[in-house]
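Data from model26.txt: compact mmCIF, C-alpha atoms and all ligand atoms
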```
# COMPACT_ATOMS: atom_id res chain seq x y z
CA MET A 12 -7.10 12.68 -127.28
CA ASN A 13 -9.06 15.55 -128.70
CA GLU A 14 -12.34 15.31 -126.81
CA ASN A 15 -14.09 17.36 -129.46
CA ALA A 16 -13.19 14.93 -132.23
CA ASN A 17 -15.76 12.42 -130.97
CA PRO A 18 -18.88 12.98 -133.05
CA THR A 19 -21.20 11.25 -130.55
CA ARG A 20 -20.42 13.42 -127.57
CA PRO A 21 -23.30 15.68 -126.59
CA GLU A 22 -22.90 19.27 -127.68
CA VAL A 23 -24.51 21.77 -125.36
CA ASP A 24 -24.42 25.51 -125.80
CA PHE A 25 -24.94 26.72 -122.24
CA MET A 26 -25.48 30.30 -123.42
CA ASP A 27 -28.06 29.37 -126.03
CA LYS A 28 -31.56 30.69 -125.39
CA ALA A 29 -33.18 27.31 -126.10
CA PHE A 30 -30.97 25.65 -123.47
CA ILE A 31 -31.63 28.37 -120.91
CA GLN A 32 -35.40 28.07 -121.45
CA GLN A 33 -35.37 24.26 -121.03
CA PRO A 34 -32.08 22.98 -119.56
CA PHE A 35 -33.25 19.81 -117.81
CA ALA A 36 -33.37 17.37 -120.74
CA ALA A 37 -29.91 18.48 -121.90
CA TYR A 38 -28.54 18.01 -118.39
CA GLU A 39 -30.07 14.55 -118.17
CA ARG A 40 -28.33 13.59 -121.39
CA LEU A 41 -25.04 14.94 -120.08
CA ARG A 42 -25.37 12.99 -116.83
CA GLU A 43 -25.95 9.81 -118.83
CA GLU A 44 -23.49 10.28 -121.67
CA GLU A 45 -20.73 12.59 -120.54
CA PRO A 46 -21.06 13.54 -116.88
CA VAL A 47 -17.75 15.38 -116.94
CA HIS A 48 -18.10 17.41 -120.10
CA ARG A 49 -15.49 19.59 -121.76
CA PHE A 50 -16.86 22.72 -123.38
CA LEU A 51 -15.82 26.05 -124.75
CA LEU A 52 -16.60 29.23 -122.83
CA PRO A 53 -17.74 32.21 -124.91
CA GLY A 54 -14.38 33.84 -124.18
CA GLY A 55 -12.64 30.96 -126.03
CA GLN A 56 -11.30 29.04 -123.02
CA PHE A 57 -12.09 25.42 -122.23
CA ALA A 58 -13.80 24.39 -119.02
CA TRP A 59 -15.35 21.21 -117.58
CA LEU A 60 -19.01 20.96 -116.63
CA VAL A 61 -19.72 18.43 -113.88
CA SER A 62 -23.35 17.31 -113.93
CA ARG A 63 -23.72 14.29 -111.60
CA TYR A 64 -24.40 14.58 -107.89
CA GLU A 65 -21.55 12.30 -106.72
CA ASP A 66 -18.98 14.07 -108.90
CA ALA A 67 -20.34 17.44 -107.77
CA LEU A 68 -19.69 16.51 -104.13
CA LYS A 69 -16.18 15.35 -105.00
CA VAL A 70 -15.29 18.62 -106.69
CA LEU A 71 -16.85 20.87 -104.06
CA GLN A 72 -15.25 19.00 -101.15
CA ASP A 73 -11.78 18.18 -102.48
CA SER A 74 -9.08 20.71 -101.55
CA ARG A 75 -7.30 20.00 -104.86
CA PHE A 76 -9.98 22.19 -106.45
CA VAL A 77 -9.70 25.82 -105.43
CA THR A 78 -11.66 28.98 -106.18
CA ASN A 79 -8.68 31.30 -106.55
CA PRO A 80 -7.19 31.38 -110.03
CA PRO A 81 -3.66 29.98 -110.48
CA ASN A 82 -1.06 32.80 -110.49
CA ALA A 83 -3.63 35.04 -108.82
CA GLY A 84 -0.83 36.85 -106.98
CA ASN A 85 1.02 37.70 -110.21
CA GLU A 86 -2.07 38.77 -112.06
CA GLU A 87 -3.31 40.96 -109.24
CA ALA A 88 -0.36 43.27 -109.55
CA SER A 89 -1.54 44.27 -113.01
CA LEU A 90 -5.27 44.51 -112.29
CA PRO A 91 -6.95 47.93 -112.26
CA SER A 92 -7.49 48.96 -108.63
CA HIS A 93 -11.26 48.39 -108.58
CA GLN A 94 -10.84 44.85 -109.90
CA GLU A 95 -8.10 44.17 -107.41
CA VAL A 96 -10.42 45.24 -104.61
CA ILE A 97 -13.14 42.91 -105.78
CA SER A 98 -10.73 40.03 -106.28
CA ARG A 99 -10.16 40.02 -102.50
CA ASN A 100 -13.64 38.63 -101.93
CA LEU A 101 -14.62 35.52 -100.00
CA ILE A 102 -15.26 33.51 -103.13
CA SER A 103 -11.97 34.14 -104.92
CA VAL A 104 -9.26 34.36 -102.25
CA GLY A 105 -6.92 31.48 -101.45
CA PRO A 106 -7.78 28.88 -98.79
CA GLU A 107 -5.98 30.57 -95.85
CA ASP A 108 -7.47 34.02 -96.40
CA HIS A 109 -10.80 32.35 -97.00
CA ARG A 110 -10.74 30.64 -93.59
CA ARG A 111 -9.94 33.93 -91.84
CA LEU A 112 -12.56 36.00 -93.68
CA ARG A 113 -15.21 33.34 -93.34
CA ARG A 114 -14.67 33.12 -89.56
CA LEU A 115 -15.11 36.87 -89.25
CA ILE A 116 -18.27 37.19 -91.27
CA GLN A 117 -19.86 33.91 -90.19
CA LYS A 118 -20.70 35.42 -86.80
CA ALA A 119 -23.28 37.70 -88.40
CA PHE A 120 -24.94 34.85 -90.26
CA THR A 121 -25.56 32.16 -87.65
CA PRO A 122 -29.05 30.66 -87.78
CA ARG A 123 -29.75 32.21 -84.35
CA MET A 124 -28.77 35.72 -85.43
CA ILE A 125 -30.79 35.36 -88.57
CA GLU A 126 -33.84 34.02 -86.74
CA GLY A 127 -33.77 37.33 -84.84
CA LEU A 128 -34.70 39.07 -88.12
CA ARG A 129 -37.93 37.09 -88.52
CA GLY A 130 -40.25 39.80 -87.20
CA ARG A 131 -38.73 42.50 -89.41
CA ILE A 132 -38.81 40.29 -92.53
CA GLU A 133 -42.48 39.51 -91.85
CA GLU A 134 -43.20 43.24 -91.60
CA ILE A 135 -41.41 43.97 -94.87
CA SER A 136 -43.29 41.25 -96.72
CA GLU A 137 -46.67 42.41 -95.35
CA GLU A 138 -45.87 46.02 -96.34
CA LEU A 139 -44.97 44.97 -99.87
CA LEU A 140 -48.17 42.93 -100.18
CA ASP A 141 -50.21 45.87 -98.80
CA THR A 142 -48.77 48.14 -101.50
CA ILE A 143 -49.54 45.58 -104.22
CA ALA A 144 -53.09 44.98 -102.96
CA GLY A 145 -53.56 48.73 -102.61
CA LYS A 146 -53.13 49.24 -106.37
CA GLY A 147 -56.52 47.60 -106.81
CA THR A 148 -55.60 45.92 -110.13
CA ARG A 149 -55.34 42.36 -108.73
CA LYS A 150 -52.23 41.98 -110.92
CA MET A 151 -48.50 42.27 -110.33
CA ASP A 152 -45.09 41.32 -111.58
CA LEU A 153 -44.08 38.94 -108.82
CA ILE A 154 -40.36 39.54 -109.40
CA GLU A 155 -40.39 43.30 -109.72
CA GLU A 156 -42.87 44.08 -106.97
CA TYR A 157 -42.28 41.35 -104.38
CA ALA A 158 -39.47 38.81 -104.84
CA PHE A 159 -36.84 41.40 -105.71
CA PRO A 160 -37.49 44.18 -103.18
CA LEU A 161 -37.84 41.88 -100.16
CA PRO A 162 -34.28 40.51 -99.93
CA ILE A 163 -32.82 43.85 -101.03
CA ILE A 164 -34.51 45.73 -98.25
CA VAL A 165 -33.32 43.06 -95.79
CA ILE A 166 -29.67 43.08 -96.89
CA CYS A 167 -29.58 46.89 -97.17
CA GLU A 168 -30.93 47.18 -93.60
CA MET A 169 -28.49 44.54 -92.29
CA LEU A 170 -25.51 46.25 -93.87
CA GLY A 171 -26.70 49.80 -93.23
CA VAL A 172 -26.81 50.74 -96.95
CA PRO A 173 -29.32 53.52 -97.67
CA LEU A 174 -32.44 52.13 -99.30
CA GLU A 175 -32.65 54.97 -101.79
CA ASP A 176 -29.55 53.55 -103.51
CA GLN A 177 -31.15 50.18 -104.26
CA ASP A 178 -32.14 50.95 -107.86
CA ARG A 179 -28.55 51.77 -108.72
CA PHE A 180 -27.49 48.46 -107.18
CA ARG A 181 -29.97 46.54 -109.21
CA GLY A 182 -28.63 47.91 -112.49
CA TRP A 183 -25.06 47.25 -111.40
CA SER A 184 -25.56 43.73 -110.18
CA ASP A 185 -27.56 42.75 -113.29
CA VAL A 186 -24.70 43.82 -115.53
CA ILE A 187 -22.11 42.06 -113.38
CA MET A 188 -23.97 38.72 -113.23
CA GLU A 189 -25.07 38.66 -116.86
CA GLY A 190 -21.59 39.78 -117.90
CA PHE A 191 -20.01 36.72 -116.33
CA ASN A 192 -18.42 34.67 -119.12
CA ASN A 193 -19.88 37.00 -121.69
CA PRO A 194 -17.11 38.91 -123.46
CA GLU A 195 -19.65 41.23 -125.10
CA LEU A 196 -20.40 42.66 -121.67
CA ASP A 197 -16.78 42.84 -120.49
CA GLN A 198 -16.48 46.56 -120.81
CA ALA A 199 -19.88 47.34 -119.33
CA SER A 200 -19.10 45.00 -116.42
CA ASP A 201 -15.82 46.70 -115.81
CA GLU A 202 -17.36 50.18 -115.75
CA VAL A 203 -20.06 49.04 -113.39
CA MET A 204 -17.58 47.41 -111.01
CA LYS A 205 -15.69 50.67 -110.90
CA ALA A 206 -18.84 52.65 -110.09
CA PHE A 207 -19.75 50.10 -107.44
CA VAL A 208 -16.34 50.24 -105.75
CA ASP A 209 -16.31 54.06 -105.86
CA TYR A 210 -19.71 54.04 -104.21
CA LEU A 211 -18.57 51.63 -101.48
CA GLN A 212 -15.46 53.65 -100.77
CA GLU A 213 -17.57 56.74 -100.16
CA LEU A 214 -20.14 54.89 -98.08
CA ILE A 215 -17.52 53.21 -95.89
CA ALA A 216 -15.53 56.44 -95.42
CA GLU A 217 -18.71 58.17 -94.32
CA ARG A 218 -19.67 55.32 -91.95
CA ARG A 219 -16.21 55.37 -90.36
CA LYS A 220 -17.03 58.84 -89.06
CA HIS A 221 -20.34 57.75 -87.53
CA LEU A 222 -20.46 54.07 -86.64
CA GLN A 223 -23.97 52.67 -86.36
CA ASN A 224 -25.64 49.46 -85.31
CA ASP A 225 -25.15 47.65 -88.62
CA LEU A 226 -22.92 45.08 -90.30
CA ILE A 227 -20.71 47.58 -92.12
CA SER A 228 -19.99 49.33 -88.82
CA SER A 229 -19.13 46.00 -87.11
CA LEU A 230 -16.79 45.13 -89.97
CA ILE A 231 -15.15 48.56 -89.73
CA SER A 232 -14.60 48.00 -86.00
CA VAL A 233 -12.98 44.63 -86.73
CA GLU A 234 -10.74 46.24 -89.35
CA GLU A 235 -9.74 49.07 -87.04
CA GLU A 236 -8.84 46.65 -84.27
CA GLY A 237 -5.95 45.13 -86.19
CA GLU A 238 -4.78 43.00 -89.02
CA ALA A 239 -7.76 40.66 -89.21
CA LEU A 240 -9.46 42.47 -92.07
CA THR A 241 -7.85 44.86 -94.53
CA GLU A 242 -9.69 47.81 -96.01
CA GLN A 243 -9.81 46.15 -99.42
CA GLU A 244 -11.23 42.98 -97.92
CA LEU A 245 -13.89 45.06 -96.22
CA TYR A 246 -14.99 46.53 -99.59
CA ALA A 247 -14.92 43.12 -101.20
CA LEU A 248 -17.00 41.51 -98.46
CA VAL A 249 -19.67 44.18 -98.64
CA PHE A 250 -19.65 43.92 -102.43
CA VAL A 251 -20.20 40.14 -102.34
CA LEU A 252 -22.97 40.41 -99.75
CA ILE A 253 -24.80 42.99 -101.83
CA ILE A 254 -24.50 40.97 -105.04
CA ALA A 255 -25.42 37.70 -103.32
CA GLY A 256 -28.27 39.39 -101.48
CA HIS A 257 -29.60 40.71 -104.80
CA GLU A 258 -29.36 37.87 -107.18
CA THR A 259 -30.34 34.71 -105.39
CA THR A 260 -33.24 34.87 -102.94
CA VAL A 261 -35.30 36.76 -105.52
CA ASN A 262 -35.16 33.63 -107.67
CA LEU A 263 -35.81 31.24 -104.79
CA ILE A 264 -39.11 33.09 -104.38
CA GLY A 265 -39.70 33.37 -108.14
CA ASN A 266 -38.76 29.80 -109.16
CA GLY A 267 -40.42 28.42 -106.04
CA VAL A 268 -43.76 30.13 -106.63
CA LEU A 269 -43.57 29.11 -110.29
CA ALA A 270 -43.16 25.46 -109.26
CA LEU A 271 -46.25 25.80 -107.05
CA LEU A 272 -48.28 27.31 -109.90
CA GLU A 273 -47.12 24.56 -112.27
CA HIS A 274 -48.23 21.95 -109.70
CA PRO A 275 -51.63 23.14 -108.43
CA GLU A 276 -52.12 20.06 -106.24
CA GLN A 277 -48.90 20.93 -104.38
CA LYS A 278 -50.07 24.52 -103.99
CA GLN A 279 -53.39 23.30 -102.58
CA MET A 280 -51.59 21.05 -100.14
CA LEU A 281 -49.42 23.93 -98.90
CA LEU A 282 -52.48 26.16 -98.54
CA ALA A 283 -54.24 23.48 -96.51
CA GLN A 284 -51.15 22.53 -94.49
CA PRO A 285 -48.89 25.58 -94.13
CA GLU A 286 -46.67 23.59 -91.74
CA PHE A 287 -45.09 22.03 -94.85
CA ILE A 288 -43.46 25.36 -95.71
CA GLN A 289 -39.94 24.33 -94.65
CA SER A 290 -39.85 21.13 -96.66
CA ALA A 291 -41.53 23.03 -99.52
CA ILE A 292 -38.66 25.56 -99.54
CA GLU A 293 -36.10 22.73 -99.59
CA GLU A 294 -37.93 21.15 -102.53
CA MET A 295 -38.04 24.49 -104.37
CA LEU A 296 -34.27 24.79 -103.90
CA ARG A 297 -33.75 21.28 -105.24
CA PHE A 298 -36.25 21.36 -108.10
CA ASN A 299 -35.20 24.63 -109.72
CA GLY A 300 -32.68 26.42 -107.51
CA PRO A 301 -31.44 29.97 -108.17
CA ALA A 302 -27.72 29.11 -108.50
CA GLU A 303 -27.39 27.10 -111.70
CA VAL A 304 -23.67 26.42 -111.42
CA SER A 305 -21.03 26.83 -108.72
CA ASN A 306 -18.34 29.43 -108.93
CA ILE A 307 -15.34 28.37 -110.98
CA ARG A 308 -13.00 25.76 -109.52
CA TRP A 309 -9.40 25.38 -110.67
CA ALA A 310 -7.56 22.05 -110.45
CA THR A 311 -4.29 22.44 -108.54
CA GLU A 312 -2.89 19.17 -109.91
CA ASP A 313 -3.52 16.59 -112.65
CA LEU A 314 -6.22 14.15 -111.63
CA GLU A 315 -8.94 11.90 -112.97
CA LEU A 316 -12.64 12.57 -112.56
CA ASP A 317 -15.22 10.06 -113.75
CA GLY A 318 -12.85 8.78 -116.43
CA LYS A 319 -11.74 12.20 -117.66
CA GLN A 320 -8.21 13.45 -117.31
CA ILE A 321 -8.26 16.87 -115.65
CA ARG A 322 -5.04 18.86 -115.94
CA GLN A 323 -3.55 21.22 -113.41
CA GLY A 324 -4.94 24.71 -114.08
CA ASP A 325 -8.13 23.43 -115.78
CA MET A 326 -11.36 25.23 -114.95
CA LEU A 327 -14.45 23.38 -113.73
CA PHE A 328 -18.06 24.32 -113.08
CA VAL A 329 -20.41 22.17 -111.04
CA SER A 330 -23.99 22.28 -112.26
CA LEU A 331 -25.97 22.37 -109.02
CA LEU A 332 -29.18 22.42 -111.03
CA SER A 333 -28.24 19.17 -112.74
CA ALA A 334 -26.87 17.44 -109.63
CA ASN A 335 -30.14 18.16 -107.85
CA ARG A 336 -32.05 16.26 -110.56
CA ASP A 337 -29.72 13.23 -110.60
CA SER A 338 -31.77 10.01 -110.51
CA LEU A 339 -28.79 8.17 -109.01
CA LYS A 340 -29.31 10.32 -105.92
CA PHE A 341 -32.98 11.36 -105.79
CA GLN A 342 -36.08 9.23 -106.23
CA GLU A 343 -38.23 10.59 -109.04
CA PRO A 344 -36.02 13.66 -109.38
CA ASP A 345 -38.32 15.43 -111.85
CA THR A 346 -41.29 15.23 -109.50
CA PHE A 347 -41.95 18.34 -107.42
CA ASP A 348 -42.98 17.02 -104.01
CA ILE A 349 -43.16 19.48 -101.11
CA THR A 350 -43.34 16.60 -98.63
CA ARG A 351 -40.09 14.97 -99.84
CA LYS A 352 -38.50 13.46 -96.74
CA VAL A 353 -34.88 12.92 -97.78
CA ASN A 354 -33.65 15.98 -99.60
CA ASP A 355 -29.86 16.40 -99.55
CA HIS A 356 -29.87 18.96 -102.34
CA ILE A 357 -26.78 21.04 -102.98
CA ALA A 358 -28.51 24.26 -104.05
CA PHE A 359 -26.33 26.10 -101.49
CA GLY A 360 -23.17 24.25 -102.52
CA LYS A 361 -21.14 22.01 -100.21
CA GLY A 362 -17.85 22.12 -98.34
CA VAL A 363 -15.87 25.17 -97.28
CA HIS A 364 -17.63 27.57 -99.66
CA TYR A 365 -21.11 26.43 -98.59
CA CYS A 366 -23.44 29.42 -98.88
CA LEU A 367 -22.91 31.87 -96.06
CA GLY A 368 -26.38 33.31 -96.57
CA ALA A 369 -28.27 29.99 -96.48
CA PRO A 370 -30.06 30.59 -93.13
CA LEU A 371 -31.10 34.07 -94.30
CA ALA A 372 -32.26 32.87 -97.73
CA ARG A 373 -34.29 30.03 -96.18
CA LEU A 374 -35.96 32.37 -93.71
CA GLU A 375 -36.75 34.96 -96.39
CA GLY A 376 -38.11 32.26 -98.71
CA GLU A 377 -40.24 30.75 -95.98
CA ILE A 378 -41.76 34.09 -94.93
CA ALA A 379 -42.23 35.41 -98.48
CA VAL A 380 -43.99 32.31 -99.85
CA SER A 381 -46.16 31.79 -96.75
CA ALA A 382 -47.35 35.41 -96.68
CA LEU A 383 -48.01 35.43 -100.42
CA LEU A 384 -50.17 32.29 -100.33
CA ARG A 385 -52.04 33.44 -97.25
CA ARG A 386 -52.84 36.86 -98.74
CA MET A 387 -53.33 35.77 -102.36
CA PRO A 388 -54.49 32.15 -102.37
CA ASP A 389 -55.86 32.42 -105.94
CA ILE A 390 -52.59 33.60 -107.44
CA ARG A 391 -52.06 32.36 -111.01
CA LEU A 392 -49.87 33.08 -114.03
CA GLU A 393 -51.18 35.78 -116.31
CA VAL A 394 -49.36 34.42 -119.37
CA GLU A 395 -48.65 30.93 -120.71
CA GLU A 396 -45.71 29.38 -118.93
CA GLU A 397 -43.79 29.07 -122.24
CA GLN A 398 -43.90 32.86 -122.55
CA LEU A 399 -41.82 33.36 -119.43
CA GLU A 400 -38.32 34.39 -120.38
CA TRP A 401 -35.38 33.07 -118.37
CA ARG A 402 -32.45 35.34 -117.64
CA PRO A 403 -29.37 34.90 -119.80
CA GLY A 404 -26.03 33.77 -118.40
CA MET A 405 -24.81 30.59 -116.76
CA ILE A 406 -24.80 31.51 -113.10
CA ILE A 407 -28.25 32.63 -112.09
CA ARG A 408 -31.46 30.79 -112.89
CA GLY A 409 -34.57 32.95 -112.75
CA VAL A 410 -37.25 34.53 -114.91
CA LYS A 411 -36.94 38.13 -116.09
CA ALA A 412 -40.58 38.96 -115.37
CA PHE A 413 -43.38 36.99 -113.73
CA PRO A 414 -46.85 38.46 -114.40
CA VAL A 415 -49.55 37.04 -112.13
CA THR A 416 -53.16 37.76 -111.21
CA PHE A 417 -54.64 37.12 -107.80
C1 LIG B 501 -31.64 31.00 -102.24
C2 LIG B 501 -30.66 31.85 -102.17
C3 LIG B 501 -29.21 31.50 -102.32
C4 LIG B 501 -28.63 30.48 -103.01
C5 LIG B 501 -29.30 29.38 -103.82
C6 LIG B 501 -27.20 30.59 -102.82
C7 LIG B 501 -26.27 29.73 -103.35
C8 LIG B 501 -24.92 29.75 -103.06
C9 LIG B 501 -23.98 28.76 -103.50
C10 LIG B 501 -24.30 27.57 -104.37
C11 LIG B 501 -22.77 29.10 -103.00
C12 LIG B 501 -21.46 28.31 -103.15
C13 LIG B 501 -20.84 28.49 -104.50
C14 LIG B 501 -19.63 27.62 -104.71
O1 LIG B 501 -19.27 26.76 -103.91
O2 LIG B 501 -18.98 27.82 -105.74
C15 LIG B 501 -22.93 30.32 -102.25
C16 LIG B 501 -21.92 30.99 -101.61
C17 LIG B 501 -22.11 32.19 -100.98
N1 LIG B 501 -23.32 32.82 -100.71
FE1 LIG B 501 -25.14 32.20 -101.28
N2 LIG B 501 -26.95 31.68 -102.04
C18 LIG B 501 -28.14 32.26 -101.70
C19 LIG B 501 -28.34 33.37 -100.91
C20 LIG B 501 -27.34 34.10 -100.33
C21 LIG B 501 -27.53 35.28 -99.53
C22 LIG B 501 -28.88 35.89 -99.19
C23 LIG B 501 -26.29 35.71 -99.16
C24 LIG B 501 -25.87 36.88 -98.33
C25 LIG B 501 -26.56 37.89 -98.02
C26 LIG B 501 -25.33 34.78 -99.73
C27 LIG B 501 -23.97 34.89 -99.58
C28 LIG B 501 -23.05 33.98 -100.03
C29 LIG B 501 -21.61 34.11 -99.85
C30 LIG B 501 -20.90 35.26 -99.16
C31 LIG B 501 -21.02 32.99 -100.44
C32 LIG B 501 -19.55 32.65 -100.51
C33 LIG B 501 -19.20 31.75 -99.37
C34 LIG B 501 -17.75 31.30 -99.41
O3 LIG B 501 -17.11 31.33 -100.46
O4 LIG B 501 -17.26 30.91 -98.34
N3 LIG B 501 -25.99 33.82 -100.42
N4 LIG B 501 -24.27 30.69 -102.29
```
With the file now loaded, output its structure as C-alpha cells.
Ligand code: HEM
Amino acid sequence: MNENANPTRPEVDFMDKAFIQQPFAAYERLREEEPVHRFLLPGGQFAWLVSRYEDALKVLQDSRFVTNPPNAGNEEASLPSHQEVISRNLISVGPEDHRRLRRLIQKAFTPRMIEGLRGRIEEISEELLDTIAGKGTRKMDLIEEYAFPLPIIVICEMLGVPLEDQDRFRGWSDVIMEGFNNPELDQASDEVMKAFVDYLQELIAERRKHLQNDLISSLISVEEEGEALTEQELYALVFVLIIAGHETTVNLIGNGVLALLEHPEQKQMLLAQPEFIQSAIEEMLRFNGPAEVSNIRWATEDLELDGKQIRQGDMLFVSLLSANRDSLKFQEPDTFDITRKVNDHIAFGKGVHYCLGAPLARLEGEIAVSALLRRMPDIRLEVEEEQLEWRPGMIIRGVKAFPVTF
C-alpha cells in the first residue's frame, strides 16, 4: 500500500520553521493518529518517525534495529578519508565494535569519576557569572555567555583540548549538526568535517609526544598498548565527545531555564527549596529535552511496528521529545512539575546507546541552574517568548539566542 495515498494521514514537515517553533501539538496528533509515521527526508529518502513512548523503547532496545548503516563496510571503502575516520565513531559502528569502544570510554564517565569534577564545574560557573555581573548591564544572552561556554570549558579541560580553539569548534559543530539531513549544507558539512579531522590529527600527534593528565592522553595510552583502539577510532571518539559536549548540555541549561521562566511558580518553588534541583533537572529533560530525535536506526529484517510494516534496510528515528510527552506514559505530560516523582523520561535514550555523557550533563545542569538562580533570582526574559527562535534541524532542540535581564 502506498502510505502517502491516504489523504487523512497527518502531514508533518519536520524541517518547517512553524513545526520547529511549536512541535508539541503536531507530535500529539502523530501519537494519536499515526504513531509510526512514514515521511520524506529532505534528501529524498523515506524514513519512519516513532512518536510513542512504548514504541520508542521497543526500537531503542531491540537488537534488530542498529545504528550502523547496511553495507557500511562496502561504502566505507569509497568514503573520503576524513569521513571514514568519523564513521568509526561510537554511534555508527556495528554492535561488536560498539561494545568494545563503549567499555573503553565508559571508565572515564562513571558517575563517581564525574562527581569528582563538581568543584571545578562550580568554579567555572561562578567565574562565568562573575564576568557577566561585572559588565554592569544586568543583561545577557544566556546561551552565548553562560549555557554554551560552561560545558565547552568542561569537555575541553577533560580531553585536554586547548581552550583557545573553542570558537573554531563552535562554528564547526554548528555546521555539522544543522547540516544533518539538510542537503543544502552537504558541502559545507563536508569541508568542516575535513578541517575538524585535520585539527584532531595534529592535536593527537602533538599529544603523543607529551602525554598529559587528560582523556586524550589516556586514550592514546590505550591505543599504544595494543589492538583495543585503532588510531582512527581514537579520532572518532574525540570527535564525538567534542560534538556531544558542545551541542547538548547548552540546551539542557537553555531549555530548562526557559521552562522555569515560563512557569514562575515553579521557579519560585526552586528558589525557596533548592533541594528540588535534581528532580527539576529530570523534569527539564523530560519537558523539553535537548535531543529531539535519536540517531538513525536501520531495520536489519522485515518486521511490524504498531501496525506498520517495516522493511529490512528502512531508516527510523525515535522522537524522544514526543515520547517524553506521551499521555499513555506520563500523567499530565504537558505540565512542567519540578517535583514529579515518577519520571522515566528517555531524554538520554535507552538501551546500549544510552547517553555516555548523562552523569556529566546532569551534574553540569544541576550546578549551572542552581548557581544562576542563586546569583540572579530576578532573571526574566527580555523579549516575548514567541520571539525566541529555535535552531533549525531535526536533531537538536534549543534556542539560537536567549536574551534575559536580571
Ligand atoms: C543534556 C545533555 C545530553 C543529552 C540530552 C544527550 C542525549 C543523548 C542521547 C539521546 C543519546 C542516544 C542516542 C541514540 O540512542 O540514538 C546520546 C548518546 C551519546 N551521548 Fe549524549 N546527551 C547529552 C550530553 C552528552 C555529553 C555531555 C556527552 C559527552 C561529553 C555525551 C556523549 C554521548 C555519546 C558518546 C553518545 C553515544 C553513546 C553510544 O552510542 O553508545 N552526551 N546522548
message: Using only C-alpha atoms and all ligand atoms, which residues of the polymer chains come no farther than 8 Å from ligand LIG 501 (chain B)? I'd like the answer as a PyMOL selection string.
response: chain A and resi 71+78+101-103+109+113+162+166+248+251-263+296+300-308+329+331+357-369+371-373+376
- request: Would you work out the distance separating CA of Trp401 in chain A from CA of Val70 in chain A, expressed in Å to one decimal?
  value: 27.4 Å
Within 10 Å of Thr241 in chain A using all atoms listed in the file, minus same-chain residues under 6 positions, as a list in words: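 Counting all atoms listed in the file, the residues come to Arg99, Ile231, Val233, Glu234, Glu235 and Ala247 of chain A.
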field: Minimum-distance residue to Leu60 in chain A, chosen among A:Glu273, A:Glu396, A:Asp348, A:Asp325 (using all atoms listed in the file)
entry: A:Asp325
field: Among the residues A:His274, A:Asp185, A:Phe50, A:Glu22, the one that comes closest to Ala37 in chain A [using only C-alpha atoms]
entry: A:Glu22
statement: The residue from A:Thr416, A:Asn100, A:Gln289, A:Gln323 with the smallest atom-to-atom distance to Leu272 in chain A, counting only C-alpha atoms, is A:Thr416
Report the centre and edge lengths, in Å to one decimal, of an axis-aligned box enclosing every atom of range 287-292 of chain A listed in the file, padded by 8 Å on each side, as JSON.
```
{"center_x": -41.9, "center_y": 23.3, "center_z": -97.1, "size_x": 22.4, "size_y": 20.4, "size_z": 20.9}
```
message: Let me make sure I understand: among A:Glu189, A:Arg75, A:Phe287, A:Asp141, which one has the smallest atom-to-atom distance to Asp313 in chain A if we use only C-alpha atoms?
response: A:Arg75
task: Extract, using only C-alpha atoms, all DNA, RNA and protein residues at most 8 Å from Val380 in chain A, discarding same-chain residues fewer than 4 positions from it, and format them as a VMD selection string.
output: chain A and resid 264 268 376 384
query: Using only C-alpha atoms, which residue out of A:Arg181, A:Glu155, A:Gln33, A:Glu375 lies closest to Arg131 in chain A?
result: A:Glu375
- request: Please provide as a PyMOL selection string all residues within 12 Å of Tyr210 in chain A, with the sequence filter that same-chain residues fewer than 6 positions apart are discarded (counting all atoms listed in the file).
  value: chain A and resi 93+172-173+176+179-180+183+203-204+216-217+246+249-250
task: Tell me which protein, DNA and RNA residues are within 10 Å of Arg149 in chain A, counting only C-alpha atoms, leaving out same-chain ones fewer than 4 positions away, and put them as a list in words.
output: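 That gives Ile143, Ala144, Gly145, Met387, Ile390, Val415, Thr416 and Phe417 of chain A.
Ranking A:Pro21, A:Pro122, A:Pro388, A:Pro160 by their shortest atom-to-atom distance to Glu175 in chain A, with all atoms listed in the file included, puts A:Pro160 first.
Computed from the coordinates, the CA of Val104 in chain A to CA of Pro81 in chain A distance equals 10.9 Å.
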message: Give me, as a list of chain:residue names, all polymer residues having an atom no more than 7 Å from Arg49 in chain A, counting all atoms listed in the file and skipping those fewer than 4 positions away in the same chain.
response: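 Near Arg49 in chain A, the qualifying residues are A:Phe57, A:Ala58, A:Trp59, A:Leu60.
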